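**Student:** To be precise about what I am sending: the file is called protein_29.pdb and holds PDB, C-alpha atoms, pLDDT in the B column.
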ATOM      1  CA  MET P 250     103.989 116.518 133.432  1.00 71.00           C
ATOM      2  CA  GLU P 251     100.794 117.288 131.533  1.00 79.00           C
ATOM      3  CA  LYS P 252      98.346 114.536 130.716  1.00 85.00           C
ATOM      4  CA  ALA P 253      98.065 113.953 126.947  1.00 83.00           C
ATOM      5  CA  ALA P 254      94.718 114.514 125.277  1.00 84.00           C
ATOM      6  CA  PRO P 255      92.883 111.357 124.176  1.00 85.00           C
ATOM      7  CA  PRO P 256      93.041 110.438 120.478  1.00 85.00           C
ATOM      8  CA  SER P 257      90.479 112.123 118.235  1.00 88.00           C
ATOM      9  CA  GLN P 258      87.553 110.293 116.629  1.00 87.00           C
ATOM     10  CA  SER P 259      89.405 110.175 113.306  1.00 89.00           C
ATOM     11  CA  TRP P 260      92.907 109.223 114.469  1.00 89.00           C
ATOM     12  CA  PHE P 261      92.628 105.621 113.262  1.00 86.00           C
ATOM     13  CA  ALA P 262      91.336 106.617 109.812  1.00 87.00           C
ATOM     14  CA  LYS P 263      94.270 109.017 109.436  1.00 89.00           C
ATOM     15  CA  TRP P 264      96.765 106.411 110.655  1.00 88.00           C
ATOM     16  CA  TRP P 265      95.245 103.769 108.344  1.00 84.00           C
ATOM     17  CA  LYS P 266      95.538 106.096 105.329  1.00 89.00           C
ATOM     18  CA  ALA P 267      99.182 106.800 106.196  1.00 92.00           C
ATOM     19  CA  HIS P 268     100.054 103.047 106.168  1.00 90.00           C
ATOM     20  CA  PRO P 269      99.109 101.622 102.722  1.00 89.00           C
ATOM     21  CA  SER P 270     101.382  98.607 103.292  1.00 90.00           C
ATOM     22  CA  LEU P 271      98.860  97.196 105.776  1.00 88.00           C
ATOM     23  CA  ARG P 272      95.485  95.528 105.334  1.00 86.00           C
ATOM     24  CA  LYS P 273      92.678  94.337 107.572  1.00 84.00           C
ATOM     25  CA  ILE P 274      91.659  90.647 107.752  1.00 80.00           C
ATOM     26  CA  ARG P 275      89.705  88.370 110.075  1.00 78.00           C
ATOM     27  CA  THR P 276      91.804  85.745 111.869  1.00 74.00           C
ATOM     28  CA  LYS P 277      90.878  82.077 111.511  1.00 70.00           C
ATOM     29  CA  PRO P 278      90.558  80.163 114.784  1.00 66.00           C
ATOM     30  CA  ILE P 279      92.584  76.929 114.729  1.00 66.00           C
ATOM     31  CA  ALA P 280      93.433  74.288 117.317  1.00 62.00           C
ATOM     32  CA  THR P 281      97.063  74.074 118.423  1.00 62.00           C
ATOM     33  CA  THR P 282      97.396  70.519 117.048  1.00 60.00           C
ATOM     34  CA  ARG P 283      96.425  71.657 113.539  1.00 62.00           C
ATOM     35  CA  ILE P 284      98.993  74.419 113.095  1.00 62.00           C
ATOM     36  CA  SER P 285     101.968  72.309 111.924  1.00 59.00           C
ATOM     37  CA  PRO P 286     100.174  70.655 108.943  1.00 57.00           C
ATOM     38  CA  GLN P 287      99.710  74.136 107.445  1.00 64.00           C
ATOM     39  CA  ASP P 288     103.380  74.151 106.417  1.00 75.00           C
ATOM     40  CA  VAL P 289     103.613  73.768 102.596  1.00 83.00           C
ATOM     41  CA  GLU P 290     106.800  71.681 102.708  1.00 88.00           C
ATOM     42  CA  THR P 291     105.246  69.205 105.172  1.00 84.00           C
ATOM     43  CA  VAL P 292     102.260  68.682 102.859  1.00 84.00           C
ATOM     44  CA  LYS P 293     104.476  68.322  99.740  1.00 91.00           C
ATOM     45  CA  ASP P 294     106.679  65.760 101.495  1.00 93.00           C
ATOM     46  CA  TRP P 295     103.640  63.748 102.577  1.00 90.00           C
ATOM     47  CA  PHE P 296     102.232  63.558  99.029  1.00 91.00           C
ATOM     48  CA  GLU P 297     105.606  62.534  97.590  1.00 95.00           C
ATOM     49  CA  GLU P 298     105.864  59.672 100.103  1.00 95.00           C
ATOM     50  CA  PHE P 299     102.226  58.712  99.443  1.00 92.00           C
ATOM     51  CA  GLU P 300     102.781  58.554  95.670  1.00 92.00           C
ATOM     52  CA  ALA P 301     105.909  56.437  96.157  1.00 96.00           C
ATOM     53  CA  ALA P 302     103.988  53.990  98.379  1.00 95.00           C
ATOM     54  CA  ILE P 303     101.133  53.645  95.843  1.00 93.00           C
ATOM     55  CA  THR P 304     103.613  52.905  93.066  1.00 94.00           C
ATOM     56  CA  SER P 305     105.778  50.579  95.146  1.00 96.00           C
ATOM     57  CA  TYR P 306     102.889  48.476  96.487  1.00 96.00           C
ATOM     58  CA  LYS P 307     100.817  48.690  93.263  1.00 95.00           C
ATOM     59  CA  ILE P 308      97.740  49.913  95.135  1.00 93.00           C
ATOM     60  CA  ASP P 309      94.544  50.077  93.044  1.00 91.00           C
ATOM     61  CA  CYS P 310      92.819  53.491  93.179  1.00 88.00           C
ATOM     62  CA  ASN P 311      89.517  51.683  93.929  1.00 88.00           C
ATOM     63  CA  LYS P 312      91.033  50.748  97.288  1.00 88.00           C
ATOM     64  CA  ILE P 313      92.092  54.284  98.287  1.00 90.00           C
ATOM     65  CA  HIS P 314      89.525  56.141 100.370  1.00 89.00           C
ATOM     66  CA  LYS P 315      89.818  59.541 102.000  1.00 88.00           C
ATOM     67  CA  PHE P 316      87.721  60.495 104.985  1.00 89.00           C
ATOM     68  CA  ASP P 317      87.668  64.120 106.016  1.00 89.00           C
ATOM     69  CA  GLU P 318      86.054  65.824 108.946  1.00 86.00           C
ATOM     70  CA  SER P 319      85.075  69.384 109.642  1.00 81.00           C
ATOM     71  CA  GLY P 320      84.470  70.310 113.228  1.00 75.00           C
ATOM     72  CA  PHE P 321      82.315  73.151 114.423  1.00 72.00           C
ATOM     73  CA  ARG P 322      82.789  74.277 118.007  1.00 67.00           C
ATOM     74  CA  VAL P 323      79.770  75.325 119.981  1.00 69.00           C
ATOM     75  CA  GLY P 324      80.374  78.565 121.867  1.00 64.00           C
ATOM     76  CA  CYS P 325      83.773  79.188 120.302  1.00 62.00           C
ATOM     77  CA  PRO P 326      84.513  82.791 119.355  1.00 59.00           C
ATOM     78  CA  THR P 327      84.919  83.675 115.707  1.00 64.00           C
ATOM     79  CA  GLY P 328      87.997  85.344 114.312  1.00 64.00           C
ATOM     80  CA  GLN P 329      89.013  88.844 115.274  1.00 70.00           C
ATOM     81  CA  GLU P 330      89.763  91.668 112.871  1.00 75.00           C
ATOM     82  CA  VAL P 331      93.468  92.467 112.828  1.00 74.00           C
ATOM     83  CA  ILE P 332      95.798  94.654 110.798  1.00 80.00           C
ATOM     84  CA  ILE P 333      98.672  92.870 109.066  1.00 77.00           C
ATOM     85  CA  PRO P 334     101.271  93.528 106.336  1.00 82.00           C
ATOM     86  CA  LEU P 335     100.024  92.985 102.768  1.00 83.00           C
ATOM     87  CA  ASP P 336     102.345  90.009 102.179  1.00 85.00           C
ATOM     88  CA  ILE P 337     100.695  87.853 104.879  1.00 82.00           C
ATOM     89  CA  LYS P 338      97.896  85.765 103.362  1.00 77.00           C
ATOM     90  CA  ASP P 339      96.192  84.226 106.424  1.00 74.00           C
ATOM     91  CA  LEU P 340      96.489  84.614 110.161  1.00 70.00           C
ATOM     92  CA  TYR P 341      95.331  81.969 112.617  1.00 68.00           C
ATOM     93  CA  SER P 342      94.403  82.443 116.250  1.00 64.00           C
ATOM     94  CA  LEU P 343      94.359  79.602 118.753  1.00 62.00           C
ATOM     95  CA  SER P 344      90.886  78.443 119.729  1.00 60.00           C
ATOM     96  CA  PRO P 345      89.886  76.894 123.060  1.00 58.00           C
ATOM     97  CA  GLU P 346      90.234  73.099 123.145  1.00 60.00           C
ATOM     98  CA  ASP P 347      87.510  72.496 125.730  1.00 58.00           C
ATOM     99  CA  ARG P 348      84.379  73.266 123.684  1.00 63.00           C
ATOM    100  CA  ARG P 349      81.656  70.871 122.555  1.00 72.00           C
ATOM    101  CA  SER P 350      81.988  69.999 118.884  1.00 74.00           C
ATOM    102  CA  ILE P 351      79.719  68.965 116.062  1.00 82.00           C
ATOM    103  CA  THR P 352      81.582  66.982 113.419  1.00 87.00           C
ATOM    104  CA  ILE P 353      80.680  66.374 109.784  1.00 90.00           C
ATOM    105  CA  ILE P 354      82.446  63.517 107.996  1.00 91.00           C
ATOM    106  CA  GLU P 355      82.597  62.972 104.264  1.00 90.00           C
ATOM    107  CA  ALA P 356      84.394  60.337 102.245  1.00 90.00           C
ATOM    108  CA  ILE P 357      85.649  60.004  98.680  1.00 89.00           C
ATOM    109  CA  CYS P 358      87.384  57.275  96.727  1.00 90.00           C
ATOM    110  CA  ALA P 359      90.388  57.849  94.456  1.00 88.00           C
ATOM    111  CA  ASN P 360      88.319  56.467  91.549  1.00 88.00           C
ATOM    112  CA  GLY P 361      85.796  59.320  91.953  1.00 86.00           C
ATOM    113  CA  GLN P 362      83.040  57.282  93.614  1.00 80.00           C
ATOM    114  CA  LEU P 363      81.365  58.273  96.884  1.00 74.00           C
ATOM    115  CA  PRO P 364      81.758  55.224  99.162  1.00 80.00           C
ATOM    116  CA  ILE P 365      79.323  56.393 101.867  1.00 81.00           C
ATOM    117  CA  PRO P 366      77.063  59.419 102.352  1.00 87.00           C
ATOM    118  CA  PRO P 367      78.229  62.270 104.620  1.00 89.00           C
ATOM    119  CA  MET P 368      77.588  61.877 108.369  1.00 89.00           C
ATOM    120  CA  ILE P 369      76.977  64.322 111.210  1.00 88.00           C
ATOM    121  CA  ILE P 370      78.307  63.371 114.637  1.00 84.00           C
ATOM    122  CA  ILE P 371      76.987  65.106 117.740  1.00 81.00           C
ATOM    123  CA  GLN P 372      77.438  64.467 121.446  1.00 77.00           C
ATOM    124  CA  GLY P 373      75.136  61.710 122.674  1.00 72.00           C
ATOM    125  CA  LYS P 374      72.902  61.896 125.724  1.00 72.00           C
ATOM    126  CA  HIS P 375      72.301  58.165 126.127  1.00 72.00           C
ATOM    127  CA  TYR P 376      74.893  55.506 125.443  1.00 71.00           C
ATOM    128  CA  MET P 377      73.914  51.911 124.778  1.00 70.00           C
ATOM    129  CA  HIS P 378      76.134  49.130 126.113  1.00 71.00           C
ATOM    130  CA  SER P 379      75.720  47.217 122.826  1.00 73.00           C
ATOM    131  CA  TRP P 380      77.520  49.993 120.940  1.00 68.00           C
ATOM    132  CA  TYR P 381      80.757  48.996 122.636  1.00 70.00           C
ATOM    133  CA  THR P 382      80.392  45.218 122.846  1.00 71.00           C
ATOM    134  CA  ASN P 383      79.492  42.395 120.499  1.00 65.00           C
ATOM    135  CA  GLY P 384      76.039  42.135 122.131  1.00 53.00           C
TER     136      GLY P 384
END
Here is a file; write its structure as C-alpha coordinates.
**Tutor:**
Amino acid sequence: MEKAAPPSQSWFAKWWKAHPSLRKIRTKPIATTRISPQDVETVKDWFEEFEAAITSYKIDCNKIHKFDESGFRVGCPTGQEVIIPLDIKDLYSLSPEDRRSITIIEAICANGQLPIPPMIIIQGKHYMHSWYTNG
(Lines of atoms letter the chains of each structure in order from A and count residues from 1; the text may use other names and numbers.)
(Lines give C-alpha, C1' and ligand atoms only; values in the text may rest on other atoms or scores of the structure.)
Protein backbone atom coordinates (compact mmCIF):
# COMPACT_ATOMS: atom_id res chain seq x y z
CA MET A 1 0.00 0.00 0.00
CA GLU A 2 1.44 3.35 -1.03
CA LYS A 3 1.85 6.12 1.50
CA ALA A 4 -0.40 9.11 0.70
CA ALA A 5 1.22 12.45 -0.04
CA PRO A 6 0.87 15.09 2.70
CA PRO A 7 -1.76 17.80 2.19
CA SER A 8 -0.69 20.79 0.11
CA GLN A 9 -0.11 24.27 1.56
CA SER A 10 -3.50 25.41 0.25
CA TRP A 11 -5.67 22.41 1.16
CA PHE A 12 -7.36 24.16 4.08
CA ALA A 13 -8.17 27.30 2.06
CA LYS A 14 -9.75 25.12 -0.63
CA TRP A 15 -11.69 23.08 1.94
CA TRP A 16 -12.83 26.27 3.72
CA LYS A 17 -14.10 27.76 0.44
CA ALA A 18 -16.01 24.55 -0.31
CA HIS A 19 -17.88 24.72 3.05
CA PRO A 20 -19.73 28.09 3.23
CA SER A 21 -22.02 26.75 5.97
CA LEU A 22 -19.15 26.95 8.46
CA ARG A 23 -17.49 29.86 10.23
CA LYS A 24 -14.48 30.39 12.46
CA ILE A 25 -14.83 31.67 16.06
CA ARG A 26 -12.75 31.78 19.23
CA THR A 27 -14.05 29.60 22.06
CA LYS A 28 -14.78 31.19 25.44
CA PRO A 29 -13.21 29.45 28.43
CA ILE A 30 -15.77 28.76 31.17
CA ALA A 31 -15.69 26.86 34.45
CA THR A 32 -17.75 23.67 34.63
CA THR A 33 -19.98 25.12 37.39
CA ARG A 34 -21.00 28.05 35.18
CA ILE A 35 -22.25 26.10 32.17
CA SER A 36 -25.81 25.34 33.36
CA PRO A 37 -26.83 29.00 34.01
CA GLN A 38 -26.26 29.70 30.30
CA ASP A 39 -29.55 27.96 29.50
CA VAL A 40 -32.14 30.60 28.44
CA GLU A 41 -35.08 28.78 30.05
CA THR A 42 -33.27 28.56 33.41
CA VAL A 43 -32.65 32.32 33.40
CA LYS A 44 -36.26 33.12 32.35
CA ASP A 45 -37.65 30.89 35.11
CA TRP A 46 -35.43 32.56 37.71
CA PHE A 47 -36.59 36.07 36.76
CA GLU A 48 -40.26 35.02 36.80
CA GLU A 49 -39.87 33.62 40.33
CA PHE A 50 -37.92 36.73 41.39
CA GLU A 51 -40.64 39.07 40.11
CA ALA A 52 -43.32 37.03 41.89
CA ALA A 53 -41.38 37.22 45.18
CA ILE A 54 -40.93 41.02 44.90
CA THR A 55 -44.65 41.48 44.30
CA SER A 56 -45.74 38.99 46.96
CA TYR A 57 -43.50 40.39 49.72
CA LYS A 58 -43.86 44.04 48.59
CA ILE A 59 -40.09 44.54 48.49
CA ASP A 60 -38.96 48.15 47.95
CA CYS A 61 -36.51 48.55 45.03
CA ASN A 62 -34.23 50.59 47.35
CA LYS A 63 -33.62 47.36 49.26
CA ILE A 64 -32.65 45.24 46.23
CA HIS A 65 -28.92 45.12 45.56
CA LYS A 66 -27.05 43.10 42.97
CA PHE A 67 -23.41 42.20 43.40
CA ASP A 68 -21.58 40.79 40.43
CA GLU A 69 -18.08 39.45 40.10
CA SER A 70 -15.79 38.92 37.17
CA GLY A 71 -12.90 36.59 37.67
CA PHE A 72 -9.68 36.63 35.72
CA ARG A 73 -7.51 33.54 35.92
CA VAL A 74 -3.78 33.96 36.01
CA GLY A 75 -2.03 31.57 33.63
CA CYS A 76 -5.25 30.28 32.10
CA PRO A 77 -5.19 29.75 28.34
CA THR A 78 -7.39 31.90 26.15
CA GLY A 79 -9.94 30.50 23.75
CA GLN A 80 -8.96 28.44 20.75
CA GLU A 81 -10.04 29.10 17.18
CA VAL A 82 -12.51 26.48 16.00
CA ILE A 83 -14.72 25.93 12.98
CA ILE A 84 -18.44 25.58 13.67
CA PRO A 85 -21.76 25.64 11.78
CA LEU A 86 -23.17 29.13 11.14
CA ASP A 87 -26.19 28.57 13.41
CA ILE A 88 -24.06 28.18 16.57
CA LYS A 89 -23.61 31.56 18.27
CA ASP A 90 -21.02 30.82 21.00
CA LEU A 91 -18.87 27.88 21.96
CA TYR A 92 -17.41 27.43 25.43
CA SER A 93 -14.39 25.37 26.41
CA LEU A 94 -13.78 24.17 29.95
CA SER A 95 -11.03 26.04 31.77
CA PRO A 96 -8.81 24.64 34.52
CA GLU A 97 -10.24 25.09 38.02
CA ASP A 98 -6.90 25.20 39.83
CA ARG A 99 -5.59 28.62 38.73
CA ARG A 100 -5.06 31.72 40.85
CA SER A 101 -7.79 34.29 40.29
CA ILE A 102 -8.16 38.03 40.49
CA THR A 103 -11.75 39.05 41.15
CA ILE A 104 -13.48 42.37 40.50
CA ILE A 105 -16.77 43.01 42.30
CA GLU A 106 -19.30 45.67 41.44
CA ALA A 107 -22.68 46.42 42.94
CA ILE A 108 -25.85 48.18 41.81
CA CYS A 109 -29.17 48.94 43.43
CA ALA A 110 -32.55 48.42 41.74
CA ASN A 111 -33.23 52.16 42.20
CA GLY A 112 -30.22 53.01 40.00
CA GLN A 113 -27.87 54.08 42.80
CA LEU A 114 -24.36 52.68 43.26
CA PRO A 115 -24.27 51.39 46.85
CA ILE A 116 -20.49 50.87 47.03
CA PRO A 117 -17.56 51.46 44.66
CA PRO A 118 -16.12 48.50 42.71
CA MET A 119 -13.53 46.34 44.51
CA ILE A 120 -10.58 44.24 43.34
CA ILE A 121 -9.80 41.09 45.31
CA ILE A 122 -6.41 39.43 44.98
CA GLN A 123 -4.72 36.61 46.86
CA GLY A 124 -3.20 37.82 50.11
CA LYS A 125 0.33 37.11 51.30
CA HIS A 126 -0.21 37.96 54.97
CA TYR A 127 -3.37 37.22 56.88
CA MET A 128 -4.23 39.06 60.08
CA HIS A 129 -5.95 37.16 62.88
CA SER A 130 -8.24 40.15 63.51
CA TRP A 131 -9.79 39.74 60.06
CA TYR A 132 -11.46 36.55 61.22
CA THR A 133 -12.29 37.39 64.84
CA ASN A 134 -13.96 40.22 66.70
CA GLY A 135 -10.55 41.43 67.93
**Student:** Residues at most 9 Å from range 309-311 of chain P, counting all atoms listed in the file, excluding those fewer than 6 positions away in the same chain, as a VMD selection string?
**Tutor:** chain P and resid 303 358 to 362
**Student:** What is the distance, in Å and to one decimal place, between CA of Phe299 in chain P and CA of Ala356 in chain P?
**Tutor:**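 The value is 18.1 Å.
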**Student:** To one decimal in Å, tell me the separation between CA of Ala267 in chain P and CA of Glu330 in chain P.
**Tutor:**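 One can read the CA of Ala267 in chain P to CA of Glu330 in chain P distance as 19.0 Å.
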**Student:** Could you list, as a PyMOL selection string, every residue within 12 Å of Pro367 in chain P, counting only C-alpha atoms and ignoring same-chain residues fewer than 2 positions away?
**Tutor:** chain P and resi 316-319+352-357+363-365+369-370
**Student:** Quick one: apply the PyMOL selection byres ((chain P and resi 336) around 12) to the file and drop the selected residues here as an MDAnalysis selection string.
**Tutor:** chainID P and resid 270:273 332:335 337:340
**Student:** Could you check how far CA of Val331 in chain P sits from CA of Trp264 in chain P, in Å to one decimal?
**Tutor:**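 Here the two named atoms are 14.5 Å from each other.
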